[in-house]
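File shown here: protein_34.tsv, holding TSV, C-alpha atoms and all ligand atoms.
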```
chain	number	residue	atom	x	y	z
A	1	MET	CA	7.05	-0.63	-43.09
A	2	SER	CA	7.99	-4.11	-44.29
A	3	LEU	CA	11.09	-4.48	-46.41
A	4	PHE	CA	9.11	-6.63	-48.81
A	5	SER	CA	5.39	-6.66	-49.30
A	6	ALA	CA	2.93	-8.18	-51.73
A	7	THR	CA	-0.66	-7.02	-51.45
A	8	GLY	CA	-3.80	-8.29	-53.13
A	9	LEU	CA	-1.96	-10.61	-55.50
A	10	VAL	CA	-4.19	-12.40	-57.97
A	11	LYS	CA	-3.30	-14.89	-60.70
A	12	SER	CA	-5.77	-17.03	-62.61
A	13	PHE	CA	-5.19	-19.82	-65.08
A	14	HIS	CA	-8.46	-19.87	-67.08
A	15	SER	CA	-11.16	-20.38	-64.46
A	16	LEU	CA	-8.73	-21.42	-61.69
A	17	ARG	CA	-7.61	-18.74	-59.23
A	18	ALA	CA	-4.18	-20.11	-58.35
A	19	THR	CA	-3.40	-16.97	-56.33
A	20	ASP	CA	-6.46	-15.47	-54.70
A	21	ASN	CA	-5.90	-12.05	-53.18
A	22	VAL	CA	-2.72	-12.93	-51.30
A	23	ASP	CA	-1.02	-10.52	-48.90
A	24	ILE	CA	2.44	-11.45	-47.66
A	25	SER	CA	5.24	-9.33	-46.20
A	26	VAL	CA	8.73	-9.82	-44.79
A	27	ASN	CA	10.57	-7.54	-42.40
A	28	ALA	CA	14.32	-7.01	-42.21
A	29	ASN	CA	16.10	-9.92	-40.45
A	30	GLU	CA	12.91	-11.93	-40.45
A	31	VAL	CA	12.29	-15.42	-41.82
A	32	HIS	CA	8.70	-15.64	-43.03
A	33	ALA	CA	7.85	-19.19	-44.10
A	34	LEU	CA	5.12	-20.06	-46.55
A	35	ILE	CA	3.71	-23.56	-46.27
A	36	GLY	CA	0.78	-25.32	-47.89
A	37	PRO	CA	-0.26	-28.68	-49.30
A	38	ASN	CA	0.53	-29.75	-52.87
A	39	GLY	CA	-1.23	-27.61	-55.42
A	40	ALA	CA	-1.93	-24.80	-52.91
A	41	GLY	CA	-0.30	-22.28	-55.23
A	42	LYS	CA	3.16	-21.87	-53.70
A	43	SER	CA	5.06	-22.10	-56.98
A	44	THR	CA	2.67	-19.70	-58.66
A	45	LEU	CA	3.13	-17.19	-55.83
A	46	VAL	CA	6.92	-17.53	-55.97
A	47	ASN	CA	6.81	-16.96	-59.72
A	48	LEU	CA	4.66	-13.84	-59.29
A	49	ILE	CA	7.00	-12.47	-56.64
A	50	SER	CA	10.18	-13.19	-58.57
A	51	GLY	CA	8.75	-11.84	-61.82
A	52	LEU	CA	8.58	-15.04	-63.86
A	53	LEU	CA	4.81	-14.64	-64.17
A	54	PRO	CA	2.90	-11.35	-64.54
A	55	VAL	CA	0.25	-10.64	-61.88
A	56	ASP	CA	-3.39	-10.15	-62.85
A	57	ALA	CA	-3.77	-7.73	-59.95
A	58	GLY	CA	-1.89	-6.61	-56.87
A	59	LEU	CA	1.10	-4.61	-55.75
A	60	ILE	CA	4.63	-5.80	-54.91
A	61	THR	CA	7.05	-3.47	-53.17
A	62	LEU	CA	10.67	-3.86	-52.16
A	63	ASP	CA	12.14	-1.35	-49.74
A	64	GLY	CA	9.42	1.12	-50.71
A	65	GLN	CA	9.90	0.66	-54.47
A	66	ASP	CA	7.03	-0.61	-56.62
A	67	ILE	CA	8.51	-3.64	-58.41
A	68	THR	CA	5.21	-5.13	-59.61
A	69	ARG	CA	5.97	-4.57	-63.29
A	70	LEU	CA	9.72	-5.15	-63.21
A	71	LYS	CA	11.22	-8.10	-65.09
A	72	ALA	CA	12.85	-10.89	-63.09
A	73	HIS	CA	16.42	-9.64	-63.62
A	74	GLU	CA	15.37	-6.09	-62.75
A	75	ARG	CA	13.98	-7.38	-59.44
A	76	VAL	CA	17.31	-9.06	-58.72
A	77	HIS	CA	18.99	-5.73	-59.41
A	78	ALA	CA	16.52	-4.01	-57.06
A	79	GLY	CA	17.49	-6.41	-54.27
A	80	LEU	CA	15.26	-9.48	-54.54
A	81	SER	CA	17.12	-12.74	-55.25
A	82	ARG	CA	15.63	-16.15	-55.68
A	83	CYS	CA	17.00	-19.65	-55.30
A	84	PHE	CA	15.41	-22.17	-57.55
A	85	GLN	CA	13.81	-25.48	-56.66
A	86	VAL	CA	15.75	-27.00	-59.49
A	87	THR	CA	19.28	-25.83	-59.05
A	88	ASN	CA	20.48	-23.08	-61.22
A	89	LEU	CA	24.14	-24.00	-61.54
A	90	PHE	CA	26.36	-24.50	-64.53
A	91	LYS	CA	27.08	-28.13	-63.75
A	92	GLU	CA	29.81	-28.63	-66.35
A	93	ILE	CA	32.14	-25.98	-65.00
A	94	SER	CA	33.97	-25.74	-61.71
A	95	VAL	CA	32.50	-24.46	-58.47
A	96	ILE	CA	34.83	-21.46	-58.44
A	97	ASP	CA	33.89	-20.58	-62.02
A	98	ASN	CA	30.20	-20.67	-61.06
A	99	LEU	CA	30.95	-18.24	-58.25
A	100	ARG	CA	33.06	-16.01	-60.50
A	101	LEU	CA	30.36	-15.88	-63.16
A	102	ALA	CA	27.71	-14.96	-60.59
A	103	ILE	CA	29.85	-12.10	-59.32
A	104	GLN	CA	30.57	-10.89	-62.82
A	105	ALA	CA	26.91	-11.09	-63.80
A	106	HIS	CA	26.05	-8.88	-60.87
A	107	GLU	CA	28.87	-6.42	-61.34
A	108	GLY	CA	28.16	-6.04	-65.02
A	109	ASN	CA	31.71	-6.94	-66.06
A	110	ASN	CA	32.34	-8.72	-69.29
A	111	PHE	CA	34.86	-11.38	-70.13
A	112	LYS	CA	37.52	-8.91	-71.29
A	113	VAL	CA	38.54	-8.46	-67.66
A	114	PHE	CA	39.90	-12.00	-67.64
A	115	GLY	CA	43.06	-10.65	-69.23
A	116	VAL	CA	43.75	-8.21	-66.41
A	117	ARG	CA	45.74	-9.83	-63.64
A	118	ASN	CA	44.66	-7.56	-60.76
A	119	HIS	CA	41.08	-7.90	-61.66
A	120	GLU	CA	41.46	-11.64	-61.92
A	121	ALA	CA	42.93	-11.85	-58.42
A	122	ALA	CA	40.19	-9.63	-56.99
A	123	LEU	CA	37.52	-11.70	-58.71
A	124	ASN	CA	38.99	-14.94	-57.34
A	125	GLU	CA	39.11	-13.48	-53.87
A	126	LYS	CA	35.47	-12.38	-54.07
A	127	ALA	CA	34.47	-15.78	-55.42
A	128	ARG	CA	36.19	-17.57	-52.52
A	129	ALA	CA	34.58	-15.23	-49.99
A	130	LEU	CA	31.17	-15.81	-51.55
A	131	GLY	CA	31.63	-19.60	-51.40
A	132	ALA	CA	32.80	-19.37	-47.79
A	133	LYS	CA	29.57	-17.54	-46.85
A	134	VAL	CA	27.66	-20.74	-47.56
A	135	GLY	CA	30.32	-23.16	-46.34
A	136	ILE	CA	31.71	-23.99	-49.78
A	137	GLU	CA	35.47	-23.82	-49.41
A	138	GLY	CA	38.74	-25.68	-49.83
A	139	GLU	CA	40.69	-26.09	-53.08
A	140	SER	CA	39.41	-29.54	-53.95
A	141	VAL	CA	35.77	-28.47	-53.62
A	142	LEU	CA	36.27	-25.16	-55.42
A	143	ASN	CA	38.01	-26.87	-58.33
A	144	SER	CA	35.56	-29.72	-58.78
A	145	MET	CA	32.78	-29.67	-61.35
A	146	ALA	CA	29.66	-28.14	-59.82
A	147	GLY	CA	27.63	-31.12	-61.03
A	148	SER	CA	29.87	-33.55	-59.15
A	149	LEU	CA	29.11	-32.04	-55.71
A	150	PRO	CA	26.71	-33.89	-53.43
A	151	HIS	CA	23.12	-32.65	-53.75
A	152	GLY	CA	23.21	-30.64	-50.51
A	153	ALA	CA	26.40	-28.85	-51.51
A	154	GLN	CA	24.86	-28.00	-54.90
A	155	ARG	CA	21.97	-26.33	-53.08
A	156	GLN	CA	24.45	-24.42	-50.90
A	157	LEU	CA	26.23	-23.26	-54.04
A	158	ASP	CA	22.89	-22.24	-55.53
A	159	ILE	CA	22.27	-20.05	-52.49
A	160	ALA	CA	25.73	-18.53	-52.93
A	161	LEU	CA	24.86	-17.61	-56.52
A	162	ALA	CA	21.74	-15.81	-55.28
A	163	LEU	CA	23.83	-14.00	-52.66
A	164	ALA	CA	26.18	-12.65	-55.33
A	165	ALA	CA	23.58	-9.96	-56.02
A	166	ASN	CA	23.70	-8.73	-52.38
A	167	PRO	CA	19.96	-9.15	-51.92
A	168	LYS	CA	17.89	-7.30	-49.35
A	169	VAL	CA	15.30	-10.04	-49.65
A	170	LEU	CA	16.08	-13.67	-50.40
A	171	LEU	CA	13.38	-15.95	-51.74
A	172	LEU	CA	14.23	-19.57	-50.95
A	173	ASP	CA	12.13	-22.06	-52.86
A	174	GLU	CA	12.30	-25.42	-51.07
A	175	PRO	CA	15.99	-25.23	-50.19
A	176	MET	CA	15.85	-28.54	-48.31
A	177	ALA	CA	14.14	-30.50	-51.10
A	178	GLY	CA	15.76	-33.90	-51.61
A	179	MET	CA	18.16	-33.50	-48.67
A	180	GLY	CA	18.98	-35.96	-45.94
A	181	PRO	CA	18.81	-34.90	-42.28
A	182	ASP	CA	22.50	-33.92	-42.05
A	183	GLU	CA	22.36	-31.79	-45.16
A	184	SER	CA	19.11	-30.16	-43.99
A	185	ALA	CA	20.65	-29.34	-40.63
A	186	ARG	CA	23.56	-27.66	-42.42
A	187	VAL	CA	21.24	-25.53	-44.53
A	188	VAL	CA	19.16	-24.59	-41.46
A	189	GLU	CA	22.34	-23.24	-39.84
A	190	LEU	CA	23.25	-21.45	-43.05
A	191	ILE	CA	19.85	-19.73	-43.23
A	192	LYS	CA	20.10	-18.74	-39.56
A	193	GLY	CA	23.34	-16.95	-40.41
A	194	LEU	CA	21.91	-15.27	-43.52
A	195	ARG	CA	18.93	-13.77	-41.69
A	196	GLN	CA	21.33	-11.46	-39.82
A	197	HIS	CA	21.86	-9.67	-43.11
A	198	MET	CA	18.59	-9.86	-45.02
A	199	ALA	CA	14.90	-10.69	-45.01
A	200	ILE	CA	14.02	-14.24	-46.07
A	201	LEU	CA	10.85	-15.64	-47.58
A	202	LEU	CA	11.12	-19.40	-47.20
A	203	ILE	CA	8.92	-21.84	-49.09
A	204	GLU	CA	9.55	-25.26	-47.60
A	205	HIS	CA	7.92	-28.65	-47.11
A	206	ASP	CA	10.27	-29.74	-44.34
A	207	MET	CA	8.25	-28.75	-41.26
A	208	GLU	CA	11.07	-29.39	-38.85
A	209	ALA	CA	13.21	-26.89	-40.73
A	210	VAL	CA	10.33	-24.40	-40.94
A	211	PHE	CA	9.69	-24.64	-37.21
A	212	GLN	CA	13.37	-24.08	-36.44
A	213	LEU	CA	13.71	-21.09	-38.69
A	214	ALA	CA	10.48	-19.16	-39.06
A	215	ASP	CA	9.58	-16.02	-37.15
A	216	ARG	CA	6.25	-16.08	-38.92
A	217	ILE	CA	4.46	-18.74	-40.94
A	218	SER	CA	1.69	-18.23	-43.48
A	219	VAL	CA	-0.42	-21.13	-44.66
A	220	LEU	CA	-1.58	-21.17	-48.27
A	221	VAL	CA	-4.55	-23.31	-49.29
A	222	TYR	CA	-6.31	-23.16	-52.68
A	223	GLY	CA	-4.50	-19.93	-53.48
A	224	LYS	CA	-5.51	-18.11	-50.28
A	225	VAL	CA	-3.55	-17.40	-47.11
A	226	ILE	CA	-5.83	-19.02	-44.54
A	227	THR	CA	-3.78	-17.98	-41.52
A	228	SER	CA	-0.49	-16.41	-40.44
A	229	GLY	CA	1.26	-16.52	-37.09
A	230	THR	CA	4.19	-17.60	-35.01
A	231	VAL	CA	5.37	-21.22	-34.93
A	232	ASP	CA	3.29	-21.94	-31.82
A	233	GLN	CA	0.20	-20.28	-33.21
A	234	ILE	CA	0.44	-22.27	-36.43
A	235	ARG	CA	1.18	-25.58	-34.67
A	236	ASN	CA	-1.92	-25.15	-32.53
A	237	ASP	CA	-4.24	-23.72	-35.16
A	238	PRO	CA	-7.11	-26.15	-35.77
A	239	LYS	CA	-7.56	-24.82	-39.32
A	240	VAL	CA	-3.97	-25.80	-40.10
A	241	GLN	CA	-4.31	-29.20	-38.49
A	242	GLU	CA	-7.40	-29.78	-40.60
A	243	VAL	CA	-5.52	-28.92	-43.79
A	244	TYR	CA	-2.71	-31.31	-42.92
A	245	LEU	CA	-5.24	-34.02	-42.04
A	246	GLY	CA	-4.26	-36.03	-38.98
A	247	SER	CA	-1.16	-34.01	-39.12
A	248	GLU	CA	1.38	-35.29	-36.70
A	249	THR	CA	3.82	-33.44	-38.94
A	250	VAL	CA	2.42	-30.05	-38.06
A	251	ALA	CA	1.73	-30.81	-34.44
A	252	HIS	CA	5.12	-32.25	-33.63
A	253	GLY	CA	7.47	-31.30	-36.47
A	301	LIG	N1	0.69	-22.60	-66.02
A	301	LIG	C1	-0.40	-23.12	-65.45
A	301	LIG	N2	-1.52	-23.33	-66.18
A	301	LIG	C2	-2.64	-23.84	-65.62
A	301	LIG	N3	-2.75	-24.18	-64.32
A	301	LIG	C3	-1.66	-23.99	-63.53
A	301	LIG	C4	-0.44	-23.47	-64.06
A	301	LIG	N4	0.47	-23.40	-63.03
A	301	LIG	C5	-0.17	-23.87	-61.94
A	301	LIG	N5	-1.44	-24.22	-62.23
A	301	LIG	C6	-2.44	-24.72	-61.28
A	301	LIG	O1	-2.48	-23.80	-60.20
A	301	LIG	C7	-2.63	-24.49	-58.95
A	301	LIG	C8	-1.46	-24.15	-58.04
A	301	LIG	O2	-0.29	-24.75	-58.55
A	301	LIG	P1	1.16	-24.50	-57.93
A	301	LIG	O3	2.13	-25.27	-58.75
A	301	LIG	O4	1.39	-23.04	-57.78
A	301	LIG	O5	1.00	-25.15	-56.48
A	301	LIG	P2	2.12	-25.59	-55.44
A	301	LIG	O6	1.60	-25.22	-54.10
A	301	LIG	O7	3.42	-25.02	-55.85
A	301	LIG	O8	2.15	-27.13	-55.58
A	301	LIG	P3	3.37	-28.16	-55.31
A	301	LIG	O9	3.70	-28.05	-53.86
A	301	LIG	O10	2.75	-29.46	-55.69
A	301	LIG	O11	4.49	-27.72	-56.22
A	301	LIG	C9	-2.70	-25.98	-59.30
A	301	LIG	O12	-4.06	-26.34	-59.35
A	301	LIG	C10	-2.05	-26.05	-60.66
A	301	LIG	O13	-2.60	-27.13	-61.41
```

Could you rewrite the structure in this file as structure tokens?
Amino acid sequence: MSLFSATGLVKSFHSLRATDNVDISVNANEVHALIGPNGAGKSTLVNLISGLLPVDAGLITLDGQDITRLKAHERVHAGLSRCFQVTNLFKEISVIDNLRLAIQAHEGNNFKVFGVRNHEAALNEKARALGAKVGIEGESVLNSMAGSLPHGAQRQLDIALALAANPKVLLLDEPMAGMGPDESARVVELIKGLRQHMAILLIEHDMEAVFQLADRISVLVYGKVITSGTVDQIRNDPKVQEVYLGSETVAHG
């Protein structure tokens, strides 16, 4: 059984079916990428899965648990974390404080623990370890304002915040958006490392990154999954090439 599965998802906005009977699943240690042209319904689907929008119909399960009616924060608690397209950081505080807050939010501690020295040391240690998981380390980086980091590093930090909840399934919403090639390459390597520990649903426009990372790709068009398959199957699928008209991008990354 898949670690994560969504079956028969439907969402309409008035007469528009933005999500039209979508099935999508992710297995442990798998990267399943979801691609599709602008307006295909990717954001709507991500919002249904993460609990920001209620479904009209369908079933969402995580590790066998029905999470369809859970609120977004309850889904995080159940093991489904999401990174946002627009980063989710507190930009006016330091990197290490962002990491500490994420850990505290997950562990349910409140700010009283700041007075306790042992706890403080343990929290700092956890925060540093969490940053290191995504390649955010070194005193000068940890002590700088989150908002002053380069864009790519902010996205890495955003991923770290999602990891604070120890997710079984990580939902990455366009993690490479706005990145240059070097930054993208770094995040590709980061995601390769993360997949050893969790299942990843990756929504991404950067085809080169998708082709490097995905075990499976599903293509969403007008709210429907028109096809799913391996990288080679999707590259060579005439239906996909038609969607990405004249698509050198799909054929050659
Ligand atoms: N809250 C809403 N109310 C009405 N229509 C909506 C709403 N949200 C999305 N839509 C419509 O649903 C369709 C799918 O939109 P969605 O944003 O999910 O697509 P997308 O694939 O994420 O697009 P993009 O890649 O451009 O972000 C679009 O036609 C959009 O106009």

Kindly work out which residues sit at most 10 Å from ligand LIG 301 (chain A), using all atoms listed in the file, and give the list as a PDB file with C-alpha atoms, in the frame of the given file.
```
ATOM      1  CA  LYS A  11      -3.300 -14.890 -60.700  1.00  0.00           C
ATOM      2  CA  SER A  12      -5.770 -17.030 -62.610  1.00  0.00           C
ATOM      3  CA  PHE A  13      -5.190 -19.820 -65.080  1.00  0.00           C
ATOM      4  CA  HIS A  14      -8.460 -19.870 -67.080  1.00  0.00           C
ATOM      5  CA  SER A  15     -11.160 -20.380 -64.460  1.00  0.00           C
ATOM      6  CA  LEU A  16      -8.730 -21.420 -61.690  1.00  0.00           C
ATOM      7  CA  ARG A  17      -7.610 -18.740 -59.230  1.00  0.00           C
ATOM      8  CA  ALA A  18      -4.180 -20.110 -58.350  1.00  0.00           C
ATOM      9  CA  THR A  19      -3.400 -16.970 -56.330  1.00  0.00           C
ATOM     10  CA  LEU A  34       5.120 -20.060 -46.550  1.00  0.00           C
ATOM     11  CA  ILE A  35       3.710 -23.560 -46.270  1.00  0.00           C
ATOM     12  CA  GLY A  36       0.780 -25.320 -47.890  1.00  0.00           C
ATOM     13  CA  PRO A  37      -0.260 -28.680 -49.300  1.00  0.00           C
ATOM     14  CA  ASN A  38       0.530 -29.750 -52.870  1.00  0.00           C
ATOM     15  CA  GLY A  39      -1.230 -27.610 -55.420  1.00  0.00           C
ATOM     16  CA  ALA A  40      -1.930 -24.800 -52.910  1.00  0.00           C
ATOM     17  CA  GLY A  41      -0.300 -22.280 -55.230  1.00  0.00           C
ATOM     18  CA  LYS A  42       3.160 -21.870 -53.700  1.00  0.00           C
ATOM     19  CA  SER A  43       5.060 -22.100 -56.980  1.00  0.00           C
ATOM     20  CA  THR A  44       2.670 -19.700 -58.660  1.00  0.00           C
ATOM     21  CA  LEU A  45       3.130 -17.190 -55.830  1.00  0.00           C
ATOM     22  CA  VAL A  46       6.920 -17.530 -55.970  1.00  0.00           C
ATOM     23  CA  ASN A  47       6.810 -16.960 -59.720  1.00  0.00           C
ATOM     24  CA  LEU A  48       4.660 -13.840 -59.290  1.00  0.00           C
ATOM     25  CA  LEU A  53       4.810 -14.640 -64.170  1.00  0.00           C
ATOM     26  CA  GLN A  85      13.810 -25.480 -56.660  1.00  0.00           C
ATOM     27  CA  ASP A 173      12.130 -22.060 -52.860  1.00  0.00           C
ATOM     28  CA  GLU A 174      12.300 -25.420 -51.070  1.00  0.00           C
ATOM     29  CA  ILE A 203       8.920 -21.840 -49.090  1.00  0.00           C
ATOM     30  CA  GLU A 204       9.550 -25.260 -47.600  1.00  0.00           C
ATOM     31  CA  HIS A 205       7.920 -28.650 -47.110  1.00  0.00           C
ATOM     32  CA  LEU A 220      -1.580 -21.170 -48.270  1.00  0.00           C
ATOM     33  CA  VAL A 221      -4.550 -23.310 -49.290  1.00  0.00           C
ATOM     34  CA  TYR A 222      -6.310 -23.160 -52.680  1.00  0.00           C
ATOM     35  CA  GLY A 223      -4.500 -19.930 -53.480  1.00  0.00           C
TER      36      GLY A 223
END
```

(request) For CA of Ile49 in chain A and CA of Asn21 in chain A, determine how far apart the two atoms are, in Å to one decimal place. (result) 13.4 Å

(request) Calculate how many Å separate CA of His197 in chain A from CA of Asn27 in chain A, rounding to one decimal. (result)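 Interatomic distance, CA of His197 in chain A to CA of Asn27 in chain A: 11.5 Å.
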
(request) Please indicate the distance in Å from CA of Ala164 in chain A to CA of Ser25 in chain A, rounded to one decimal place. (result) 23.1 Å

(request) Find the residue from A:Ile159, A:Leu171, A:Ala122, A:Val225 that sits nearest to Thr7 in chain A; use only C-alpha atoms when measuring. (result)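 Between A:Ile159, A:Leu171, A:Ala122, A:Val225, the residue approaching Thr7 in chain A most closely is A:Val225.
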
(message) Taking all atoms listed in the file into account, name the residue in A:Leu202, A:Glu189, A:Ile96, A:Ala209 that is nearest to Gly138 in chain A.
(response) A:Ile96

(request) Considering only C-alpha atoms, return as a count of residues only whatever protein or nucleic-acid residues lie within 8 Å of Ile136 in chain A, sequence-local ones (same chain, fewer than 6 positions apart) excluded. (result) 4

Around all the atoms of range 177-181 of chain A listed in the file, with 8 Å of room on each side, what axis-aligned box do you get, giving centre and edge lengths in Å to one decimal, as AutoDock Vina command-line options?
```
--center_x 16.6 --center_y -33.2 --center_z -46.9 --size_x 20.8 --size_y 21.5 --size_z 25.3
```

(message) With distances taken over all atoms listed in the file, which residue among A:Ile200, A:Ala78, A:Val95, A:Leu170 lies nearest Gln65 in chain A?
(response) A:Ala78

Spatial neighbours of Gln233 in chain A, 12 Å, all atoms listed in the file, chain gap at least 6 places, as a short mmCIF file (atom, residue, chain, number, x, y, z; two decimals) with C-alpha atoms, in the frame of the given file:
```
data_model
loop_
_atom_site.label_atom_id
_atom_site.label_comp_id
_atom_site.auth_asym_id
_atom_site.auth_seq_id
_atom_site.Cartn_x
_atom_site.Cartn_y
_atom_site.Cartn_z
CA PHE A 211 9.69 -24.64 -37.21
CA ALA A 214 10.48 -19.16 -39.06
CA ASP A 215 9.58 -16.02 -37.15
CA ARG A 216 6.25 -16.08 -38.92
CA ILE A 217 4.46 -18.74 -40.94
CA SER A 218 1.69 -18.23 -43.48
CA VAL A 219 -0.42 -21.13 -44.66
CA THR A 227 -3.78 -17.98 -41.52
CA LYS A 239 -7.56 -24.82 -39.32
CA VAL A 240 -3.97 -25.80 -40.10
CA GLN A 241 -4.31 -29.20 -38.49
CA VAL A 250 2.42 -30.05 -38.06
CA ALA A 251 1.73 -30.81 -34.44
#
```
